[in-house]
Protein chains: 2
Amino acid sequence: MATPSIKEVAHRAGVSVGTVSNVLNRPWIVAPATRQRVQDSISALGFVRNEAARHLRAGRSRTVGLVVLDVANPFFTDLAEGAEALAYEHDTVVMLCNSKTDPVREGHHLDQLEQQRVLGILITPFDSNDPRLTALVDRGTPVVLVDRAADRGLCSVSVDDQLGGRLAGNHLIQSGHRRIAFIGGPFTMQQVSDRMAGITTVVEQAGNVDLQLFEVDVMGVVEGRAIGEQVAALPSRSRPTAAFIANDLLAIGFLQAMSVAGLRVPRDMAIVGYDDIDFARAAAVPLSSVRQPAELLGRSAMELLQEEVEAADRHRHRQVIFQPDLIVRESSDFKRR
Amino acid sequence: MATPSIKEVAHRAGVSVGTVSNVLNRPWIVAPATRQRVQDSISALGFVRNEAARHLRAGRSRTVGLVVLDVANPFFTDLAEGAEALAYEHDTVVMLCNSKTDPVREGHHLDQLEQQRVLGILITPFDSNDPRLTALVDRGTPVVLVDRAADRGLCSVSVDDQLGGRLAGNHLIQSGHRRIAFIGGPFTMQQVSDRMAGITTVVEQAGNVDLQLFEVDVMGVVEGRAIGEQVAALPSRSRPTAAFIANDLLAIGFLQAMSVAGLRVPRDMAIVGYDDIDFARAAAVPLSSVRQPAELLGRSAMELLQEEVEAADRHRHRQVIFQPDLIVRESSDFKRR
DNA sequence: GGCGGGGATTTAGACGATTCAATTGGGCGT
DNA sequence: ACGCCCAATTGAATCGTCTAAATCCCCGCC
């Protein structure tokens, strides 16, 4: 009744286990008649390979861990899609883990993945200097940072977040805005602080622009709404006339709060988001956003990992950096109204 | 350099492998001094248990597969959250798989999970009569259907979708609507057809109500927008005045199309969605929706699975059915305007 | 001083698939 | 008719961990 093993298959087909294994792995060296007999036996018994045994013997598993900050964020699901597509080509399985921007959960996932001796891990870490990560790498698990640049000893695939911040900032300043809000968080997250640094640079260059910072714990729709209410409540004299928001989910919440508060977008409040998720294009007021090639990020990260896994030795870590694009839509575009 | 095994740990601590194993699994039977020595050795070498070997030896793994129709849908991420929470308590890991409403992908995931000899599988199947599923169960993998009622030989956790359809239908009819659209798809999906059956029932009871059906392939924001444009283009004499939409993502897209087309919600078009995801509450016009207890669904499904795994024999399959709630918000509520 | 008791530790198989060296057997050349 | 060669198949060892049974050793008791 229990799942049959290769042994039972062999017995039923009247051959040795070695032959069954050969049918599974090098069918061409087995005589056609024998091969057929074994295959019949396999389907008659409903034999299914035991991955654990394969893994143990082979010394390497066939799964890759992918740890993201928020599975509910389409940016990460797109990214996962890209990673999975390439994994599929390499006969490899992706284990998707959601850290929810929580270092404890992240740590737990890393522990589990290491115990499973995954081929490698793609991760958007909460903190890329986390000693747990370093230790993991030292113990021999290949790690590729995703959506986050690595300094040296690691491969990484990222997008130039400072450039993204500058693009958004320039766009808003050139549209005439002089009071701009930056919303995102936690500020300790590299992605957020880089985007902030980007807009800060161009704001300082412009000289006469006031940049107000708003920090959130988690970048979701609900939090965006809350900040939006807070901003809408400011006296109109000091209220920013534009907001650069570090993530589209947050931006969508913010946008909704504007409409509830009776502020028109972009007339009373211009908005530029980040990630350019599908929702952004389709929002009540189509959202301007800094586009990141999410799927490509995932794909490239997996590419680097597979490269590292196969090359083993003589692998040189690489840091790939993509350029973001500013997509201007109605939420920040006066002319179109 | 390779990851050390229990053997190296034992050697360094000057004990046998059995003792190391005992420290890991029944520390209390090991003398304190020895235990300490072993633990020092473990941390000095950076030893990490090999899950594959454990699994092989134990004959059962510690991971559970969760196959959902769409990870990008917050309903399923909430569900996953619930499942994962309970899994955590059982020292079990969840492997999240995204079938994207595609039977081929679904099948691939099931194969992988079976090869990994997962403890069991929670799945929202594309088609619950899929012979592959049956075969899987026959071969001994416990399966619990999620968000979908099983007939007999399986545990399941679901929500009464017909009731949901009736709630939405009654609400719209009592608000005076006589031309109502039902939007969702594919109609072959049980969830969709049940919700449709529900509203059909009450429409027929009312007698003088016209129900128009619109089918989509995939229930996402983009598709909702497309259908919305299509509906908005209908001559106002025959255009429905209300829409019951089988999923909130779809409803949000639809809502956006209304606003683009200049139709006011709910005055020109009342909308009731399904799932009550966070976005729904926070939409441009807060969306009425039939609420399903997503997290509870996930949790309960995992509960049933663990029960089945532990009881092994003498387990009786159970079909748990939850009641949905209609949450009325502005998108379908005249009085509030 | 010998012996039993019992706590601490060791030993020796599994678990299932893979691989490679060793073996078998059939056909062909001389 | 003999031997040789090669294709086909077999058998055994291995991966890392767990567990039940066996062994060890120290103590106290008679």
# chains A, B, ... in the order shown; residues from 1 in each chain; ligands from 1
call {"tool": "select_by_dssp", "arguments": {"residues": "range 87-252 of chain B", "states": "strand (DSSP E or B)", "output": "ChimeraX atom specification"}}
result
/B:93-98,120-123,143-146,155-159,179-184,210-215,242-245
call {"tool": "write_last_selection", "arguments": {"atoms": "C-alpha atoms", "output": "PDB file, in the first residue's frame"}}
result
ATOM      1  CA  VAL B  93       7.022  24.011   6.251  1.00  0.00           C
ATOM      2  CA  VAL B  94       4.669  25.241   3.554  1.00  0.00           C
ATOM      3  CA  MET B  95       5.630  25.133  -0.071  1.00  0.00           C
ATOM      4  CA  LEU B  96       3.575  27.701  -1.912  1.00  0.00           C
ATOM      5  CA  CYS B  97       2.819  26.904  -5.539  1.00  0.00           C
ATOM      6  CA  ASN B  98       1.057  29.096  -8.044  1.00  0.00           C
ATOM      7  CA  GLY B 120       0.060  16.405   2.240  1.00  0.00           C
ATOM      8  CA  ILE B 121      -1.333  18.922  -0.185  1.00  0.00           C
ATOM      9  CA  LEU B 122      -3.773  21.747   0.199  1.00  0.00           C
ATOM     10  CA  ILE B 123      -5.121  22.729  -3.157  1.00  0.00           C
ATOM     11  CA  VAL B 143      -5.151  16.037  -0.051  1.00  0.00           C
ATOM     12  CA  VAL B 144      -7.434  18.705   1.335  1.00  0.00           C
ATOM     13  CA  LEU B 145      -9.487  20.795  -1.039  1.00  0.00           C
ATOM     14  CA  VAL B 146      -9.491  24.472  -0.248  1.00  0.00           C
ATOM     15  CA  CYS B 155     -11.476  16.564   3.259  1.00  0.00           C
ATOM     16  CA  SER B 156     -12.390  20.022   2.159  1.00  0.00           C
ATOM     17  CA  VAL B 157     -12.817  23.503   3.473  1.00  0.00           C
ATOM     18  CA  SER B 158     -15.026  25.817   1.565  1.00  0.00           C
ATOM     19  CA  VAL B 159     -17.432  28.679   1.691  1.00  0.00           C
ATOM     20  CA  ARG B 179     -30.926  44.578 -15.014  1.00  0.00           C
ATOM     21  CA  ILE B 180     -28.014  42.857 -13.381  1.00  0.00           C
ATOM     22  CA  ALA B 181     -24.753  41.606 -14.817  1.00  0.00           C
ATOM     23  CA  PHE B 182     -22.887  38.605 -13.533  1.00  0.00           C
ATOM     24  CA  ILE B 183     -19.202  38.680 -14.371  1.00  0.00           C
ATOM     25  CA  GLY B 184     -16.641  35.983 -13.778  1.00  0.00           C
ATOM     26  CA  ASP B 210     -32.859  40.371 -16.252  1.00  0.00           C
ATOM     27  CA  LEU B 211     -29.521  38.673 -15.577  1.00  0.00           C
ATOM     28  CA  GLN B 212     -26.763  39.084 -18.146  1.00  0.00           C
ATOM     29  CA  LEU B 213     -23.681  36.888 -18.053  1.00  0.00           C
ATOM     30  CA  PHE B 214     -20.157  37.921 -18.972  1.00  0.00           C
ATOM     31  CA  GLU B 215     -17.352  35.389 -18.987  1.00  0.00           C
ATOM     32  CA  ALA B 242     -25.737  46.653 -11.295  1.00  0.00           C
ATOM     33  CA  ALA B 243     -22.992  44.083 -11.493  1.00  0.00           C
ATOM     34  CA  PHE B 244     -22.221  41.133  -9.281  1.00  0.00           C
ATOM     35  CA  ILE B 245     -18.618  40.251  -9.925  1.00  0.00           C
TER      36      ILE B 245
END
call {"tool": "residues_around", "arguments": {"residues": "Glu81 in chain A", "least_positions_apart": "4", "cutoff": "10 Å", "atoms": "only C-alpha atoms (C1' of nucleotides)", "output": "MDAnalysis selection string"}}
result
(chainID A and resid 75:77 85:87 94 294:296 298:299) or (chainID B and resid 98)
call {"tool": "interface_residues", "arguments": {"of": "chain A", "to": "chain D", "cutoff": "7 Å", "atoms": "only C-alpha atoms (C1' of nucleotides)", "output": "list in words"}}
result
Ser16, Thr19, Val30, Ala31, Leu56, Arg57 and Gly59 of chain A
call {"tool": "residues_around", "arguments": {"residues": "range 250-259 of chain B", "least_positions_apart": "5", "cutoff": "6 Å", "atoms": "only C-alpha atoms (C1' of nucleotides)", "output": "PDB file with N, CA and C atoms, in the first residue's frame"}}
result
ATOM      1  N   ALA A 284      -7.624  54.512 -10.261  1.00  0.00           N
ATOM      2  CA  ALA A 284      -8.688  55.489 -10.518  1.00  0.00           C
ATOM      3  C   ALA A 284      -8.140  56.637 -11.358  1.00  0.00           C
TER       4      ALA A 284
ATOM      5  N   MET B 219      -9.426  35.885 -13.770  1.00  0.00           N
ATOM      6  CA  MET B 219     -10.031  36.937 -12.990  1.00  0.00           C
ATOM      7  C   MET B 219      -8.991  37.887 -12.403  1.00  0.00           C
ATOM      8  N   GLY B 220      -8.582  38.854 -13.193  1.00  0.00           N
ATOM      9  CA  GLY B 220      -7.604  39.829 -12.747  1.00  0.00           C
ATOM     10  C   GLY B 220      -8.086  41.237 -13.050  1.00  0.00           C
ATOM     11  N   VAL B 221      -7.330  42.202 -12.573  1.00  0.00           N
ATOM     12  CA  VAL B 221      -7.715  43.602 -12.740  1.00  0.00           C
ATOM     13  C   VAL B 221      -7.852  43.967 -14.219  1.00  0.00           C
ATOM     14  N   GLY B 224     -10.963  42.734 -15.789  1.00  0.00           N
ATOM     15  CA  GLY B 224     -12.129  43.460 -15.292  1.00  0.00           C
ATOM     16  C   GLY B 224     -12.304  44.780 -16.014  1.00  0.00           C
ATOM     17  N   ARG B 225     -11.179  45.404 -16.277  1.00  0.00           N
ATOM     18  CA  ARG B 225     -11.219  46.662 -17.016  1.00  0.00           C
ATOM     19  C   ARG B 225     -11.798  46.458 -18.401  1.00  0.00           C
ATOM     20  N   GLY B 228     -15.395  45.910 -18.263  1.00  0.00           N
ATOM     21  CA  GLY B 228     -16.010  47.170 -17.878  1.00  0.00           C
ATOM     22  C   GLY B 228     -16.208  48.080 -19.078  1.00  0.00           C
ATOM     23  N   GLU B 229     -15.191  48.162 -19.917  1.00  0.00           N
ATOM     24  CA  GLU B 229     -15.295  48.997 -21.111  1.00  0.00           C
ATOM     25  C   GLU B 229     -16.405  48.487 -22.012  1.00  0.00           C
ATOM     26  N   ILE B 245     -19.868  40.674  -9.307  1.00  0.00           N
ATOM     27  CA  ILE B 245     -18.618  40.251  -9.925  1.00  0.00           C
ATOM     28  C   ILE B 245     -17.919  39.225  -9.046  1.00  0.00           C
ATOM     29  N   GLY B 273     -18.622  42.967  -5.263  1.00  0.00           N
ATOM     30  CA  GLY B 273     -17.517  42.070  -5.587  1.00  0.00           C
ATOM     31  C   GLY B 273     -17.550  40.804  -4.746  1.00  0.00           C
TER      32      GLY B 273
END
call {"tool": "interface_residues", "arguments": {"of": "chain B", "to": "chain A", "cutoff": "8 Å", "atoms": "only C-alpha atoms", "output": "mmCIF file with C-alpha atoms, in the first residue's frame"}}
result
data_model
loop_
_atom_site.group_PDB
_atom_site.id
_atom_site.type_symbol
_atom_site.label_atom_id
_atom_site.label_comp_id
_atom_site.auth_asym_id
_atom_site.auth_seq_id
_atom_site.Cartn_x
_atom_site.Cartn_y
_atom_site.Cartn_z
ATOM 1 C CA MET B 1 34.801 22.741 3.440
ATOM 2 C CA ALA B 2 31.599 20.968 2.541
ATOM 3 C CA THR B 3 28.874 21.121 5.120
ATOM 4 C CA GLY B 46 28.514 25.208 11.880
ATOM 5 C CA VAL B 48 23.219 22.105 9.965
ATOM 6 C CA ARG B 49 20.884 19.133 9.896
ATOM 7 C CA ASN B 50 20.339 17.528 6.551
ATOM 8 C CA GLU B 51 16.627 17.472 5.985
ATOM 9 C CA ALA B 52 16.867 15.075 3.056
ATOM 10 C CA ALA B 53 18.529 12.411 5.167
ATOM 11 C CA HIS B 55 13.233 12.674 5.606
ATOM 12 C CA LEU B 56 14.551 9.542 3.976
ATOM 13 C CA VAL B 71 -0.674 34.147 -5.688
ATOM 14 C CA ALA B 72 -1.235 37.715 -6.778
ATOM 15 C CA ASN B 73 -4.738 37.588 -5.373
ATOM 16 C CA PRO B 74 -4.739 38.778 -1.763
ATOM 17 C CA THR B 77 -2.119 35.215 0.223
ATOM 18 C CA VAL B 93 7.022 24.011 6.251
ATOM 19 C CA MET B 95 5.630 25.133 -0.071
ATOM 20 C CA LEU B 96 3.575 27.701 -1.912
ATOM 21 C CA CYS B 97 2.819 26.904 -5.539
ATOM 22 C CA GLN B 112 7.003 17.829 -7.899
ATOM 23 C CA GLU B 114 4.589 14.050 -4.863
ATOM 24 C CA GLN B 115 8.216 13.365 -5.669
ATOM 25 C CA GLN B 116 9.108 15.319 -2.599
ATOM 26 C CA ARG B 117 6.797 13.030 -0.660
ATOM 27 C CA ARG B 139 -1.177 6.614 -4.207
ATOM 28 C CA GLY B 140 -1.392 7.852 -0.653
ATOM 29 C CA VAL B 221 -7.715 43.602 -12.740
ATOM 30 C CA VAL B 222 -6.861 43.887 -16.402
ATOM 31 C CA ARG B 225 -11.219 46.662 -17.016
ATOM 32 C CA GLY B 253 -10.808 46.696 -12.784
ATOM 33 C CA GLN B 256 -11.981 51.715 -12.807
ATOM 34 C CA SER B 259 -14.939 55.859 -13.760
ATOM 35 C CA VAL B 260 -13.004 56.236 -17.000
ATOM 36 C CA ASP B 278 -8.092 44.823 1.558
ATOM 37 C CA PHE B 279 -8.131 46.647 -1.739
ATOM 38 C CA ALA B 282 -9.798 50.967 0.031
ATOM 39 C CA ALA B 283 -10.950 51.314 -3.574
ATOM 40 C CA ALA B 284 -11.805 54.660 -5.160
#
call {"tool": "closest_atom_pairs", "arguments": {"of": "chain C", "to": "chain A", "cutoff": "10 Å", "atoms": "only C-alpha atoms (C1' of nucleotides)", "output": "CSV"}}
result
residue,atom,partner,partner_atom,distance
C:DC15,C1',A:Ala53,CA,8.1
C:DG16,C1',A:Ala53,CA,5.2
C:DA17,C1',A:Arg54,CA,5.2
C:DT18,C1',A:Arg57,CA,6.5
C:DT19,C1',A:Gly18,CA,8.7
call {"tool": "atom_distance", "arguments": {"atom1": "CA of Gln323 in chain A", "atom2": "CA of Leu297 in chain A"}}
result
11.0 Å
call {"tool": "select_by_dssp", "arguments": {"residues": "range 119-207 of chain B", "states": "alpha helix (DSSP H)", "output": "compact mmCIF listing (two decimals) with C-alpha atoms, in the first residue's frame"}}
result
# COMPACT_ATOMS: atom_id res chain seq x y z
CA PRO B 131 -8.00 12.16 -12.57
CA ARG B 132 -4.47 13.22 -11.69
CA LEU B 133 -5.74 14.39 -8.36
CA THR B 134 -7.57 11.17 -7.73
CA ALA B 135 -4.52 9.15 -8.68
CA LEU B 136 -2.40 11.20 -6.34
CA VAL B 137 -4.77 10.50 -3.49
CA ASP B 138 -4.94 6.80 -4.32
CA ASP B 161 -20.71 30.12 -2.73
CA GLN B 162 -24.35 29.72 -3.64
CA LEU B 163 -25.31 31.53 -0.48
CA GLY B 164 -22.82 34.23 -1.39
CA GLY B 165 -24.49 34.58 -4.75
CA ARG B 166 -27.92 34.76 -3.14
CA LEU B 167 -26.80 37.40 -0.65
CA ALA B 168 -25.44 39.59 -3.40
CA GLY B 169 -28.46 39.01 -5.62
CA ASN B 170 -31.02 39.77 -2.94
CA HIS B 171 -29.20 42.90 -1.98
CA LEU B 172 -29.16 44.21 -5.52
CA ILE B 173 -32.75 43.25 -6.26
CA GLN B 174 -33.98 44.81 -3.06
CA GLN B 190 -17.00 25.50 -9.46
CA GLN B 191 -16.62 28.65 -7.40
CA VAL B 192 -17.77 30.79 -10.28
CA SER B 193 -20.67 28.61 -11.31
CA ASP B 194 -21.89 28.32 -7.73
CA ARG B 195 -21.92 32.05 -7.26
CA MET B 196 -23.76 32.34 -10.52
CA ALA B 197 -26.24 29.66 -9.47
CA GLY B 198 -26.87 31.56 -6.27
CA ILE B 199 -27.77 34.81 -7.92
CA THR B 200 -29.71 32.96 -10.61
CA THR B 201 -31.93 31.43 -7.95
CA VAL B 202 -32.98 34.73 -6.46
CA VAL B 203 -33.30 36.36 -9.86
CA GLU B 204 -35.74 33.66 -10.88
CA GLN B 205 -37.67 34.04 -7.67
CA ALA B 206 -38.00 37.75 -8.28
call {"tool": "atom_distance", "arguments": {"atom1": "CA of Leu119 in chain B", "atom2": "CA of Asp160 in chain B"}}
result
27.7 Å
call {"tool": "atom_distance", "arguments": {"atom1": "CA of Asp40 in chain B", "atom2": "CA of Arg12 in chain B"}}
result
9.5 Å
